[in-house]
$ cat query_13.cif   # mmCIF, C-alpha atoms
data_structure
loop_
_atom_site.label_atom_id
_atom_site.label_comp_id
_atom_site.auth_asym_id
_atom_site.auth_seq_id
_atom_site.Cartn_x
_atom_site.Cartn_y
_atom_site.Cartn_z
CA MET R 1 0.00 0.00 0.00
CA ILE R 2 2.92 2.37 0.68
CA LYS R 3 4.14 1.84 -2.88
CA LYS R 4 0.65 2.60 -4.18
CA LEU R 5 0.59 5.85 -2.18
CA ALA R 6 3.98 6.91 -3.52
CA PHE R 7 2.80 6.29 -7.07
CA ILE R 8 -0.35 8.36 -6.55
CA LEU R 9 1.65 11.21 -5.07
CA ALA R 10 3.94 11.08 -8.06
CA LEU R 11 0.96 11.44 -10.36
CA VAL R 12 -0.39 14.32 -8.30
CA PHE R 13 2.76 16.38 -8.17
CA VAL R 14 4.94 15.41 -11.12
CA ALA R 15 2.75 14.82 -14.14
CA GLY R 16 2.61 18.02 -16.15
CA PRO R 17 -0.73 17.42 -17.89
CA VAL R 18 -2.44 17.06 -14.52
CA HIS R 19 -1.32 20.47 -13.35
CA ALA R 20 -2.11 21.96 -16.74
CA GLU R 21 -5.78 21.13 -16.27
CA LEU R 22 -6.06 22.68 -12.82
CA SER R 23 -7.06 26.31 -12.43
CA GLN R 24 -4.17 28.53 -11.38
CA TYR R 25 -5.68 29.15 -7.93
CA THR R 26 -6.27 25.45 -7.18
CA ALA R 27 -2.86 24.50 -8.55
CA GLY R 28 -1.22 26.94 -6.15
CA LYS R 29 -3.13 25.55 -3.16
CA VAL R 30 -2.35 22.00 -4.21
CA GLN R 31 1.35 22.81 -4.43
CA ARG R 32 1.21 24.46 -1.01
CA ALA R 33 -0.51 21.38 0.46
CA HIS R 34 2.13 19.18 -1.10
CA ASN R 35 4.89 21.27 0.44
CA LEU R 36 3.24 21.03 3.88
CA GLN R 37 2.97 17.26 3.52
CA GLN R 38 6.65 17.08 2.59
CA GLU R 39 7.45 19.08 5.75
CA ASP R 40 5.53 16.51 7.87
CA LYS R 41 2.72 19.03 8.42
CA LEU R 42 0.04 16.65 7.22
CA ASP R 43 -2.74 18.06 9.42
CA GLU R 44 -2.15 21.56 8.01
CA ALA R 45 -2.16 20.19 4.47
CA ILE R 46 -5.50 18.51 5.09
CA VAL R 47 -7.03 21.66 6.59
CA LEU R 48 -5.87 23.62 3.56
CA LEU R 49 -7.34 21.21 1.02
CA ALA R 50 -10.56 20.58 3.00
CA GLY R 51 -11.19 24.34 3.01
CA LEU R 52 -11.08 24.62 -0.78
CA THR R 53 -14.33 24.96 -2.74
CA PRO R 54 -13.22 24.79 -6.37
CA SER R 55 -15.78 25.77 -8.99
CA LYS R 56 -14.33 23.54 -11.72
CA ALA R 57 -15.47 19.93 -11.57
CA TYR R 58 -12.00 18.66 -12.44
CA ASP R 59 -10.45 20.74 -9.66
CA GLN R 60 -12.96 19.24 -7.22
CA ALA R 61 -12.11 15.69 -8.31
CA PHE R 62 -8.38 16.34 -8.10
CA VAL R 63 -8.61 17.87 -4.62
CA LYS R 64 -10.83 14.98 -3.42
CA ARG R 65 -8.27 12.49 -4.68
CA MET R 66 -5.42 14.30 -2.95
CA LEU R 67 -7.44 14.58 0.26
CA GLY R 68 -8.17 10.86 0.10
CA VAL R 69 -4.45 10.12 -0.09
CA PHE R 70 -3.66 12.45 2.81
CA TYR R 71 -6.48 11.09 4.98
CA TRP R 72 -5.16 7.58 4.33
CA GLN R 73 -1.69 8.72 5.35
CA GLN R 74 -3.21 10.25 8.50
CA GLY R 75 -4.98 6.98 9.31
CA ASN R 76 -8.50 8.35 8.82
CA ILE R 77 -9.79 5.49 6.65
CA ASP R 78 -13.44 6.60 6.58
CA LYS R 79 -12.62 10.05 5.20
CA ALA R 80 -10.04 8.58 2.84
CA ILE R 81 -12.68 6.26 1.38
CA ALA R 82 -15.29 9.04 1.17
CA ASN R 83 -12.99 11.43 -0.72
CA LEU R 84 -11.56 8.81 -3.05
CA SER R 85 -15.10 7.61 -3.80
CA ASP R 86 -16.12 11.12 -4.81
CA ALA R 87 -13.03 11.43 -7.02
CA VAL R 88 -13.71 8.11 -8.75
CA LYS R 89 -17.44 8.79 -9.20
CA SER R 90 -16.69 12.10 -10.92
CA GLY R 91 -15.31 10.24 -13.91
CA LEU R 92 -13.05 13.22 -14.59
CA LEU R 93 -9.72 11.67 -13.65
CA GLU R 94 -7.77 10.58 -16.68
CA ASP R 95 -6.43 7.20 -17.72
CA GLU R 96 -3.78 5.88 -15.35
CA GLN R 97 -4.42 8.37 -12.56
CA ALA R 98 -8.06 7.30 -12.62
CA TRP R 99 -7.07 3.61 -12.55
CA VAL R 100 -4.61 4.05 -9.69
CA THR R 101 -7.09 6.11 -7.68
CA GLN R 102 -9.80 3.49 -8.06
CA ARG R 103 -7.32 0.76 -7.17
CA MET R 104 -6.41 2.58 -3.97
CA LEU R 105 -10.11 3.00 -3.16
CA ALA R 106 -10.71 -0.73 -3.73
CA ASP R 107 -7.74 -1.67 -1.56
CA LEU R 108 -8.92 0.63 1.23
CA LEU R 109 -12.39 -0.87 1.10
CA LEU R 110 -10.84 -4.34 1.27
CA SER R 111 -8.63 -3.43 4.23
CA ASP R 112 -11.68 -1.92 5.94
CA GLU R 113 -13.53 -5.24 5.40
CA GLN R 114 -16.05 -3.65 3.04
CA PHE R 115 -15.70 -6.56 0.66
CA LYS R 116 -18.97 -6.21 -1.20
CA GLN R 117 -18.23 -2.53 -1.88
CA ALA R 118 -14.68 -3.29 -3.02
CA LEU R 119 -15.61 -5.91 -5.62
CA PRO R 120 -17.31 -3.67 -8.23
CA HIS R 121 -14.22 -1.47 -8.26
CA TYR R 122 -11.90 -4.42 -8.70
CA TYR R 123 -13.98 -5.83 -11.54
CA GLN R 124 -14.03 -2.43 -13.25
CA LEU R 125 -10.25 -2.22 -12.88
CA SER R 126 -9.83 -5.72 -14.36
CA LYS R 127 -11.16 -4.52 -17.71
CA ASN R 128 -8.05 -2.48 -18.40
CA PHE R 129 -4.53 -2.58 -16.98
CA PRO R 130 -2.18 0.37 -17.47
CA LYS R 131 1.41 -0.52 -18.26
CA GLY R 132 3.28 -1.62 -15.16
CA GLN R 133 0.19 -2.67 -13.20
CA LYS R 134 0.04 -6.34 -12.13
CA ALA R 135 -3.13 -8.12 -13.17
CA ASP R 136 -2.38 -11.14 -10.96
CA GLU R 137 -2.36 -8.96 -7.81
CA LEU R 138 -5.78 -7.56 -8.68
CA TRP R 139 -7.34 -10.99 -9.27
CA LEU R 140 -5.93 -12.18 -5.96
CA ARG R 141 -7.70 -9.25 -4.27
CA ILE R 142 -10.92 -10.27 -6.04
CA ALA R 143 -10.51 -13.84 -4.78
CA GLN R 144 -9.85 -12.57 -1.25
CA SER R 145 -12.99 -10.44 -1.30
CA HIS R 146 -15.19 -13.29 -2.51
CA TYR R 147 -13.61 -15.54 0.11
CA GLN R 148 -14.58 -13.16 2.91
CA LEU R 149 -18.13 -13.13 1.53
CA SER R 150 -18.20 -16.97 1.42
CA GLU R 151 -18.78 -16.86 -2.33
CA TRP R 152 -16.83 -20.02 -2.95
CA LYS R 153 -17.40 -20.59 -6.66
CA SER R 154 -16.46 -16.98 -7.40
CA VAL R 155 -13.30 -17.52 -5.35
CA LEU R 156 -12.29 -20.43 -7.57
CA SER R 157 -13.09 -18.48 -10.74
CA ALA R 158 -10.90 -15.57 -9.63
CA ILE R 159 -8.06 -17.84 -8.50
CA SER R 160 -8.21 -19.65 -11.84
CA ILE R 161 -7.56 -16.36 -13.64
CA TYR R 162 -4.85 -15.52 -11.11
CA ASP R 163 -3.16 -18.87 -11.80
CA SER R 164 -3.21 -18.18 -15.53
CA LEU R 165 -1.38 -14.88 -15.00
CA THR R 166 1.52 -16.07 -12.84
CA LYS R 167 3.89 -18.99 -12.59
CA LEU R 168 4.67 -18.27 -8.95
CA GLU R 169 3.66 -20.83 -6.34
CA GLU R 170 2.64 -18.95 -3.20
CA VAL R 171 0.93 -20.01 0.00
CA ALA R 172 -1.67 -17.21 0.24
CA PRO R 173 -3.52 -17.85 -3.05
CA LEU R 174 -3.27 -21.61 -2.61
CA SER R 175 -4.73 -21.31 0.90
CA ILE R 176 -7.66 -19.30 -0.47
CA LYS R 177 -8.20 -21.87 -3.21
CA LEU R 178 -8.06 -24.73 -0.71
CA GLY R 179 -10.56 -23.05 1.61
CA ALA R 180 -13.08 -22.69 -1.23
CA GLN R 181 -12.53 -26.28 -2.39
CA LEU R 182 -13.09 -27.64 1.10
CA GLN R 183 -16.27 -25.58 1.51
CA LEU R 184 -17.59 -26.85 -1.83
CA LYS R 185 -16.47 -30.42 -1.00
CA TYR R 186 -14.29 -30.55 -4.11
CA TRP R 187 -12.16 -33.21 -2.46
CA LYS R 188 -10.05 -34.28 -5.43
CA GLY R 189 -9.20 -30.70 -6.30
CA ALA R 190 -8.34 -30.09 -2.64
CA ILE R 191 -5.84 -32.96 -2.70
CA SER R 192 -4.09 -31.40 -5.68
CA THR R 193 -3.91 -28.03 -3.91
CA LEU R 194 -2.68 -29.59 -0.68
CA LYS R 195 0.16 -31.33 -2.53
CA ARG R 196 1.31 -27.91 -3.77
CA LEU R 197 1.04 -26.43 -0.28
CA ILE R 198 3.04 -29.28 1.23
CA VAL R 199 5.83 -28.63 -1.26
CA LEU R 200 5.88 -24.97 -0.18
CA GLU R 201 5.51 -25.61 3.56
CA PRO R 202 6.57 -29.21 4.26
CA ASP R 203 6.77 -28.61 8.02
CA LYS R 204 3.28 -27.15 8.41
CA THR R 205 1.16 -29.70 10.26
CA THR R 206 -2.17 -28.32 8.99
CA TRP R 207 -1.53 -29.29 5.37
CA TRP R 208 -0.69 -32.89 6.28
CA GLN R 209 -3.72 -33.13 8.57
CA GLN R 210 -6.04 -31.78 5.92
CA MET R 211 -4.55 -34.06 3.27
CA ALA R 212 -5.17 -37.14 5.41
CA GLY R 213 -8.64 -35.89 6.34
CA VAL R 214 -9.65 -35.42 2.70
CA GLN R 215 -8.25 -38.83 1.78
CA LEU R 216 -10.34 -40.40 4.53
CA ARG R 217 -13.44 -38.60 3.23
CA LEU R 218 -12.78 -40.18 -0.16
CA GLY R 219 -12.45 -43.59 1.48
CA ARG R 220 -8.72 -43.74 0.78
CA SER R 221 -7.63 -44.95 4.19
CA LYS R 222 -4.42 -46.46 2.79
CA ASP R 223 -3.43 -43.11 1.27
CA ALA R 224 -4.34 -41.32 4.51
CA LEU R 225 -2.10 -43.66 6.49
CA ASP R 226 0.74 -43.21 4.01
CA THR R 227 0.34 -39.44 4.28
CA MET R 228 0.50 -39.47 8.08
CA ALA R 229 3.38 -41.96 8.14
CA LEU R 230 5.37 -39.78 5.73
CA ALA R 231 4.65 -36.69 7.84
CA LYS R 232 5.85 -38.53 10.95
CA ARG R 233 9.03 -39.71 9.24
CA GLN R 234 9.77 -36.15 8.12
CA GLY R 235 9.46 -34.86 11.67
CA VAL R 236 6.19 -32.96 11.24
CA ALA R 237 4.67 -32.09 14.62
CA LEU R 238 1.56 -34.28 14.57
CA SER R 239 -1.00 -33.90 17.33
CA LEU R 240 -1.95 -36.60 19.82
CA GLN R 241 -5.21 -37.14 17.93
CA ASP R 242 -3.32 -37.45 14.63
CA LEU R 243 -1.16 -40.20 16.08
CA LYS R 244 -4.19 -41.98 17.55
CA THR R 245 -5.86 -41.88 14.13
CA MET R 246 -2.67 -43.20 12.58
CA ALA R 247 -2.65 -46.11 15.03
CA GLN R 248 -6.27 -46.92 14.21
CA LEU R 249 -5.44 -46.93 10.50
CA TYR R 250 -2.53 -49.33 11.08
CA ALA R 251 -4.88 -51.63 12.99
CA GLN R 252 -7.47 -51.44 10.21
CA ARG R 253 -4.78 -52.36 7.70
CA GLY R 254 -3.98 -55.45 9.79
CA ILE R 255 -0.78 -54.17 11.38
CA PRO R 256 -1.84 -53.77 15.04
CA GLU R 257 1.73 -54.09 16.35
CA ARG R 258 2.58 -50.82 14.54
CA ALA R 259 -0.43 -49.26 16.24
CA ALA R 260 0.85 -50.47 19.61
CA ARG R 261 4.31 -49.03 18.98
CA ILE R 262 2.83 -45.65 18.06
CA TYR R 263 0.95 -45.59 21.36
CA ALA R 264 4.15 -46.54 23.16
CA GLU R 265 5.84 -43.45 21.69
CA LEU R 266 3.11 -40.98 22.66
CA GLU R 267 3.88 -38.30 25.20
CA GLY R 268 2.71 -39.52 28.57
CA ALA R 269 2.35 -43.07 27.26
CA GLU R 270 3.50 -44.59 30.54
CA ARG R 271 1.49 -42.27 32.79
CA ASN R 272 -1.90 -42.07 31.10
CA ALA R 273 -4.11 -45.07 31.82
CA GLU R 274 -6.19 -44.70 28.65
CA LEU R 275 -3.14 -44.46 26.41
CA VAL R 276 -1.59 -47.48 28.12
CA SER R 277 -4.79 -49.54 27.85
CA SER R 278 -5.09 -48.72 24.12
CA GLN R 279 -1.50 -49.84 23.63
CA ALA R 280 -2.27 -53.09 25.49
CA MET R 281 -5.36 -53.67 23.37
CA TYR R 282 -3.34 -53.35 20.14
CA TRP R 283 -0.66 -55.76 21.45
CA GLN R 284 -3.47 -58.17 22.27
CA ILE R 285 -4.99 -57.83 18.79
CA ALA R 286 -1.51 -58.52 17.39
CA LYS R 287 -1.44 -61.69 19.53
CA GLU R 288 1.71 -60.52 21.24
CA TRP R 289 0.43 -62.00 24.49
CA ASP R 290 3.36 -61.43 26.83
CA GLU R 291 3.74 -57.82 25.65
CA ALA R 292 -0.01 -57.30 26.09
CA ILE R 293 0.07 -58.75 29.62
CA SER R 294 2.96 -56.51 30.58
CA VAL R 295 1.18 -53.39 29.33
CA TRP R 296 -2.20 -54.40 30.81
CA ARG R 297 -0.40 -54.76 34.13
CA LEU R 298 0.79 -51.16 33.87
CA ALA R 299 -2.70 -50.00 32.87
CA ALA R 300 -4.20 -51.77 35.91
CA LYS R 301 -1.65 -50.12 38.15
CA LEU R 302 -2.67 -46.71 36.82
CA ASP R 303 -6.42 -47.44 36.92
CA ASN R 304 -7.88 -50.52 38.60
CA LYS R 305 -10.74 -50.73 36.06
CA HIS R 306 -8.23 -52.33 33.64
CA ARG R 307 -7.47 -55.19 36.04
CA TRP R 308 -10.31 -57.27 34.61
CA SER R 309 -8.69 -57.20 31.14
CA LEU R 310 -5.36 -58.23 32.68
CA ALA R 311 -6.96 -61.11 34.57
CA GLN R 312 -8.78 -62.35 31.46
CA LEU R 313 -5.60 -62.43 29.40
CA LEU R 314 -3.64 -64.18 32.17
CA LEU R 315 -6.39 -66.79 32.32
CA GLN R 316 -6.36 -67.18 28.53
CA GLU R 317 -2.60 -67.74 28.49
CA GLY R 318 -2.63 -70.28 31.30
CA TYR R 319 -1.29 -68.14 34.14
CA TYR R 320 -4.03 -69.37 36.43
CA ARG R 321 -2.51 -68.52 39.81
CA LYS R 322 -1.62 -65.02 38.63
CA ALA R 323 -5.08 -64.67 37.16
CA LEU R 324 -6.65 -65.53 40.53
CA THR R 325 -4.49 -62.93 42.26
CA GLU R 326 -5.64 -60.25 39.84
CA LEU R 327 -9.29 -61.37 40.02
CA ASP R 328 -9.21 -60.86 43.77
CA ARG R 329 -8.29 -57.22 43.12
CA VAL R 330 -11.08 -56.46 40.63
CA ASP R 331 -13.37 -54.01 42.46
CA GLN R 332 -16.08 -53.27 39.89
CA GLU R 333 -19.56 -54.10 41.17
CA SER R 334 -20.77 -54.86 37.67
CA ARG R 335 -18.06 -57.52 37.30
CA LYS R 336 -18.78 -59.52 40.45
CA ALA R 337 -20.55 -62.40 38.73
CA ASP R 338 -18.02 -62.44 35.88
CA VAL R 339 -15.15 -62.55 38.38
CA GLU R 340 -16.65 -65.54 40.17
CA LEU R 341 -17.10 -67.42 36.90
CA ALA R 342 -13.52 -66.58 35.90
CA LYS R 343 -12.31 -67.93 39.24
CA ALA R 344 -14.35 -71.08 38.66
CA ARG R 345 -12.58 -71.56 35.34
CA ALA R 346 -9.13 -70.90 36.86
CA TYR R 347 -9.66 -73.42 39.67
CA TYR R 348 -11.01 -75.92 37.16
CA LYS R 349 -7.81 -75.57 35.12
CA LEU R 350 -5.85 -76.08 38.36
CA GLU R 351 -7.98 -79.20 38.97
CA ASP R 352 -9.32 -77.77 42.22
CA PHE R 353 -12.87 -78.76 41.40
CA ASP R 354 -14.29 -78.06 44.86
CA GLN R 355 -13.17 -74.43 44.75
CA ALA R 356 -14.30 -74.19 41.15
CA LEU R 357 -17.79 -75.31 42.14
CA VAL R 358 -17.89 -72.88 45.07
CA HIS R 359 -17.19 -69.94 42.78
CA ALA R 360 -19.60 -71.15 40.09
CA LYS R 361 -22.36 -71.22 42.71
CA GLN R 362 -21.40 -67.77 43.99
CA ALA R 363 -21.62 -66.45 40.42
CA ASN R 364 -25.07 -67.95 40.05
CA ASN R 365 -26.18 -66.43 43.36
CA ILE R 366 -25.04 -62.99 42.28
CA GLU R 367 -26.58 -63.25 38.80
CA PRO R 368 -28.24 -66.47 37.63
CA THR R 369 -27.09 -67.21 34.09
CA ALA R 370 -27.02 -70.16 31.72
CA ALA R 371 -23.22 -70.14 31.86
CA ALA R 372 -23.15 -70.35 35.66
CA LYS R 373 -25.72 -73.15 35.70
CA SER R 374 -23.75 -75.03 33.06
CA TRP R 375 -20.56 -74.78 35.14
CA ILE R 376 -22.39 -75.92 38.27
CA LYS R 377 -23.84 -78.93 36.47
CA TYR R 378 -20.51 -79.89 34.89
CA LEU R 379 -18.47 -79.47 38.06
CA SER R 380 -21.05 -81.38 40.12
CA GLN R 381 -20.77 -84.28 37.67
CA ILE R 382 -16.98 -84.31 38.04
CA ARG R 383 -17.28 -84.36 41.83
CA ASN R 384 -19.78 -87.25 41.65
CA MET R 385 -17.44 -89.18 39.40
CA GLN R 386 -14.57 -88.67 41.85
CA SER R 387 -16.52 -89.72 44.93
#
$ encode --input "query_13.cif" --output "structure tokens"
Amino acid sequence: MIKKLAFILALVFVAGPVHAELSQYTAGKVQRAHNLQQEDKLDEAIVLLAGLTPSKAYDQAFVKRMLGVFYWQQGNIDKAIANLSDAVKSGLLEDEQAWVTQRMLADLLLSDEQFKQALPHYYQLSKNFPKGQKADELWLRIAQSHYQLSEWKSVLSAISIYDSLTKLEEVAPLSIKLGAQLQLKYWKGAISTLKRLIVLEPDKTTWWQQMAGVQLRLGRSKDALDTMALAKRQGVALSLQDLKTMAQLYAQRGIPERAARIYAELEGAERNAELVSSQAMYWQIAKEWDEAISVWRLAAKLDNKHRWSLAQLLLQEGYYRKALTELDRVDQESRKADVELAKARAYYKLEDFDQALVHAKQANNIEPTAAAKSWIKYLSQIRNMQS
């Protein structure tokens, strides 16, 4: 914007034809105002120009334009916009000075978040570009304005023209394009844009997250996992949730041990009961029984609610005495009947049929079930056969 201001001032004070069209009186005041501005007496320059009442329409337009520039320099955006608007509406400014003035007005409206008001000016400017003016910059402004108004298809149209005018790969326009694509659910186009963004900013976590998210929306879970795995290998700072999702994807692909190892690497993995229990579950799915038992033991130490899972796995793997020890420490009311049945099974495996029967009956007393009755019947038959 500073460069734009300098260019406008150059037009105001250097171009001979401009001064030639001003009345002698107005030209003198304009020169005086310019001198004051050069002496850092901006307020005085504004007072001087604001007090002028030129009779010639061109003089009025010229003074309004100059006032608009000075008000902008002063930081009074509202008055800058008002005066530049009057200058542009007059239609009396010529060629490039008219174009530059309208461009400054459009940029001020954009910076003041008056996007709807800025757009007509930008579109008018796009019909003709004076030598030295960058068309790609203008179309990017148009895209930005439509973006702020949530006019997603217009965003993509403007960005398409922008892309045709420049070979530069830059984050800002690509981010605008991506935002519109995501809003319109143009998933395949979004993947293409994200690939370009990742090339530009390979360490930015957001692009990798969004890439994996879009791939999942398209049902490409393998691609999503590959994306996250590549990001992790490259040292991208993935969030805890990203890594959990990555673990789930490994498990879905039939590689649960990789999921378990990811959980083992998470921050707080040895102190957070839920993270530890998830790790244990993946080791169990991978049929790495001893590893699963070890991790379930840690989970139970952190939170006793996981002791039931530990006891079940010990029982499954034939560690019956250890299973009984852990079953004695299960304190969940809802598990009482299950615990008694598990004890019945453990004692049965240890060939202590009397104790097995005692616990089967206790399970049935707590909650009568077909399983408890079946154990009671079976164990009673064994006792009868032994007597």
$ atom_distance --input "query_13.cif" --atom1 "atom CA of R:Gln312" --atom2 "atom CA of R:Gln241"
28.8 Å
$ closest_residue --input "query_13.cif" --among "R:Glu265, R:Glu351, R:Asp112, R:Glu291" --to "R:Ala247" --atoms "all atoms listed in the file"
R:Glu265
$ resolve_selection --input "query_13.cif" --expression "the PyMOL selection byres ((chain R and resi 179-188) around 10)" --output "PDB file with C-alpha atoms, keeping the file's coordinate frame"
ATOM      1  CA  ALA R 143     -10.510 -13.840  -4.780  1.00  0.00           C
ATOM      2  CA  HIS R 146     -15.190 -13.290  -2.510  1.00  0.00           C
ATOM      3  CA  TYR R 147     -13.610 -15.540   0.110  1.00  0.00           C
ATOM      4  CA  SER R 150     -18.200 -16.970   1.420  1.00  0.00           C
ATOM      5  CA  GLU R 151     -18.780 -16.860  -2.330  1.00  0.00           C
ATOM      6  CA  TRP R 152     -16.830 -20.020  -2.950  1.00  0.00           C
ATOM      7  CA  LYS R 153     -17.400 -20.590  -6.660  1.00  0.00           C
ATOM      8  CA  SER R 154     -16.460 -16.980  -7.400  1.00  0.00           C
ATOM      9  CA  VAL R 155     -13.300 -17.520  -5.350  1.00  0.00           C
ATOM     10  CA  LEU R 156     -12.290 -20.430  -7.570  1.00  0.00           C
ATOM     11  CA  PRO R 173      -3.520 -17.850  -3.050  1.00  0.00           C
ATOM     12  CA  LEU R 174      -3.270 -21.610  -2.610  1.00  0.00           C
ATOM     13  CA  SER R 175      -4.730 -21.310   0.900  1.00  0.00           C
ATOM     14  CA  ILE R 176      -7.660 -19.300  -0.470  1.00  0.00           C
ATOM     15  CA  LYS R 177      -8.200 -21.870  -3.210  1.00  0.00           C
ATOM     16  CA  LEU R 178      -8.060 -24.730  -0.710  1.00  0.00           C
ATOM     17  CA  GLY R 189      -9.200 -30.700  -6.300  1.00  0.00           C
ATOM     18  CA  ALA R 190      -8.340 -30.090  -2.640  1.00  0.00           C
ATOM     19  CA  ILE R 191      -5.840 -32.960  -2.700  1.00  0.00           C
ATOM     20  CA  SER R 192      -4.090 -31.400  -5.680  1.00  0.00           C
ATOM     21  CA  THR R 193      -3.910 -28.030  -3.910  1.00  0.00           C
ATOM     22  CA  LEU R 194      -2.680 -29.590  -0.680  1.00  0.00           C
ATOM     23  CA  GLN R 210      -6.040 -31.780   5.920  1.00  0.00           C
ATOM     24  CA  MET R 211      -4.550 -34.060   3.270  1.00  0.00           C
ATOM     25  CA  GLY R 213      -8.640 -35.890   6.340  1.00  0.00           C
ATOM     26  CA  VAL R 214      -9.650 -35.420   2.700  1.00  0.00           C
ATOM     27  CA  GLN R 215      -8.250 -38.830   1.780  1.00  0.00           C
ATOM     28  CA  ARG R 217     -13.440 -38.600   3.230  1.00  0.00           C
ATOM     29  CA  LEU R 218     -12.780 -40.180  -0.160  1.00  0.00           C
TER      30      LEU R 218
END
$ atom_distance --input "query_13.cif" --atom1 "atom CA of R:Ala372" --atom2 "atom CA of R:Ala299"
29.0 Å
$ atom_distance --input "query_13.cif" --atom1 "atom CA of R:Lys377" --atom2 "atom CA of R:Asp338"
17.5 Å
$ residues_around --input "query_13.cif" --residues "stretch 327-335 of chain R" --least-positions-apart "5" --cutoff "9 Å" --atoms "only C-alpha atoms" --output "NGL selection string"
:R and (304-308 or 310-312 or 322 or 340 or 342-343)
$ write_last_selection --input "query_13.cif" --atoms "C-alpha atoms" --output "compact mmCIF listing (two decimals), keeping the file's coordinate frame"
# COMPACT_ATOMS: atom_id res chain seq x y z
CA ASN R 304 -7.88 -50.52 38.60
CA LYS R 305 -10.74 -50.73 36.06
CA HIS R 306 -8.23 -52.33 33.64
CA ARG R 307 -7.47 -55.19 36.04
CA TRP R 308 -10.31 -57.27 34.61
CA LEU R 310 -5.36 -58.23 32.68
CA ALA R 311 -6.96 -61.11 34.57
CA GLN R 312 -8.78 -62.35 31.46
CA LYS R 322 -1.62 -65.02 38.63
CA GLU R 340 -16.65 -65.54 40.17
CA ALA R 342 -13.52 -66.58 35.90
CA LYS R 343 -12.31 -67.93 39.24
$ resolve_selection --input "query_13.cif" --expression "the PyMOL selection byres ((chain R and resi 358-361) around 6)" --output "list in words"
Glu340, Leu341, Ala344, Gln355, Ala356, Leu357, Gln362, Ala363, Asn364, Ala372 and Ile376 of chain R
$ residues_around --input "query_13.cif" --residues "stretch 255-257 of chain R" --least-positions-apart "2" --cutoff "12 Å" --atoms "all atoms listed in the file" --output "PyMOL selection string"
chain R and resi 225+246-253+259-264+278-289+291-292
$ build_atoms --input "query_13.cif" --residues "stretch 41-51 of chain R" --atoms "N, CA, C and O atoms" --output "PDB file, keeping the file's coordinate frame"
ATOM      1  N   LYS R  41       3.827  18.253   7.859  1.00  0.00           N
ATOM      2  CA  LYS R  41       2.720  19.030   8.420  1.00  0.00           C
ATOM      3  C   LYS R  41       1.430  18.566   7.753  1.00  0.00           C
ATOM      4  O   LYS R  41       0.710  19.318   7.095  1.00  0.00           O
ATOM      5  N   LEU R  42       1.159  17.272   7.922  1.00  0.00           N
ATOM      6  CA  LEU R  42       0.040  16.650   7.220  1.00  0.00           C
ATOM      7  C   LEU R  42      -1.305  17.254   7.646  1.00  0.00           C
ATOM      8  O   LEU R  42      -2.191  17.485   6.807  1.00  0.00           O
ATOM      9  N   ASP R  43      -1.476  17.504   8.945  1.00  0.00           N
ATOM     10  CA  ASP R  43      -2.740  18.060   9.420  1.00  0.00           C
ATOM     11  C   ASP R  43      -3.012  19.423   8.767  1.00  0.00           C
ATOM     12  O   ASP R  43      -4.152  19.712   8.370  1.00  0.00           O
ATOM     13  N   GLU R  44      -1.974  20.252   8.635  1.00  0.00           N
ATOM     14  CA  GLU R  44      -2.150  21.560   8.010  1.00  0.00           C
ATOM     15  C   GLU R  44      -2.500  21.409   6.533  1.00  0.00           C
ATOM     16  O   GLU R  44      -3.332  22.157   5.990  1.00  0.00           O
ATOM     17  N   ALA R  45      -1.872  20.429   5.880  1.00  0.00           N
ATOM     18  CA  ALA R  45      -2.160  20.190   4.470  1.00  0.00           C
ATOM     19  C   ALA R  45      -3.619  19.786   4.273  1.00  0.00           C
ATOM     20  O   ALA R  45      -4.289  20.244   3.336  1.00  0.00           O
ATOM     21  N   ILE R  46      -4.108  18.961   5.183  1.00  0.00           N
ATOM     22  CA  ILE R  46      -5.500  18.510   5.090  1.00  0.00           C
ATOM     23  C   ILE R  46      -6.459  19.678   5.315  1.00  0.00           C
ATOM     24  O   ILE R  46      -7.453  19.836   4.590  1.00  0.00           O
ATOM     25  N   VAL R  47      -6.172  20.496   6.322  1.00  0.00           N
ATOM     26  CA  VAL R  47      -7.030  21.660   6.590  1.00  0.00           C
ATOM     27  C   VAL R  47      -7.080  22.579   5.374  1.00  0.00           C
ATOM     28  O   VAL R  47      -8.146  23.076   4.979  1.00  0.00           O
ATOM     29  N   LEU R  48      -5.936  22.769   4.731  1.00  0.00           N
ATOM     30  CA  LEU R  48      -5.870  23.620   3.560  1.00  0.00           C
ATOM     31  C   LEU R  48      -6.740  23.081   2.420  1.00  0.00           C
ATOM     32  O   LEU R  48      -7.557  23.809   1.831  1.00  0.00           O
ATOM     33  N   LEU R  49      -6.580  21.807   2.124  1.00  0.00           N
ATOM     34  CA  LEU R  49      -7.340  21.210   1.020  1.00  0.00           C
ATOM     35  C   LEU R  49      -8.827  21.102   1.346  1.00  0.00           C
ATOM     36  O   LEU R  49      -9.686  21.338   0.481  1.00  0.00           O
ATOM     37  N   ALA R  50      -9.153  20.736   2.609  1.00  0.00           N
ATOM     38  CA  ALA R  50     -10.560  20.580   3.000  1.00  0.00           C
ATOM     39  C   ALA R  50     -11.302  21.925   2.930  1.00  0.00           C
ATOM     40  O   ALA R  50     -12.529  21.960   2.750  1.00  0.00           O
ATOM     41  N   GLY R  51     -10.562  23.023   3.043  1.00  0.00           N
ATOM     42  CA  GLY R  51     -11.190  24.340   3.010  1.00  0.00           C
ATOM     43  C   GLY R  51     -11.412  24.871   1.603  1.00  0.00           C
ATOM     44  O   GLY R  51     -12.061  25.923   1.424  1.00  0.00           O
TER      45      GLY R  51
END
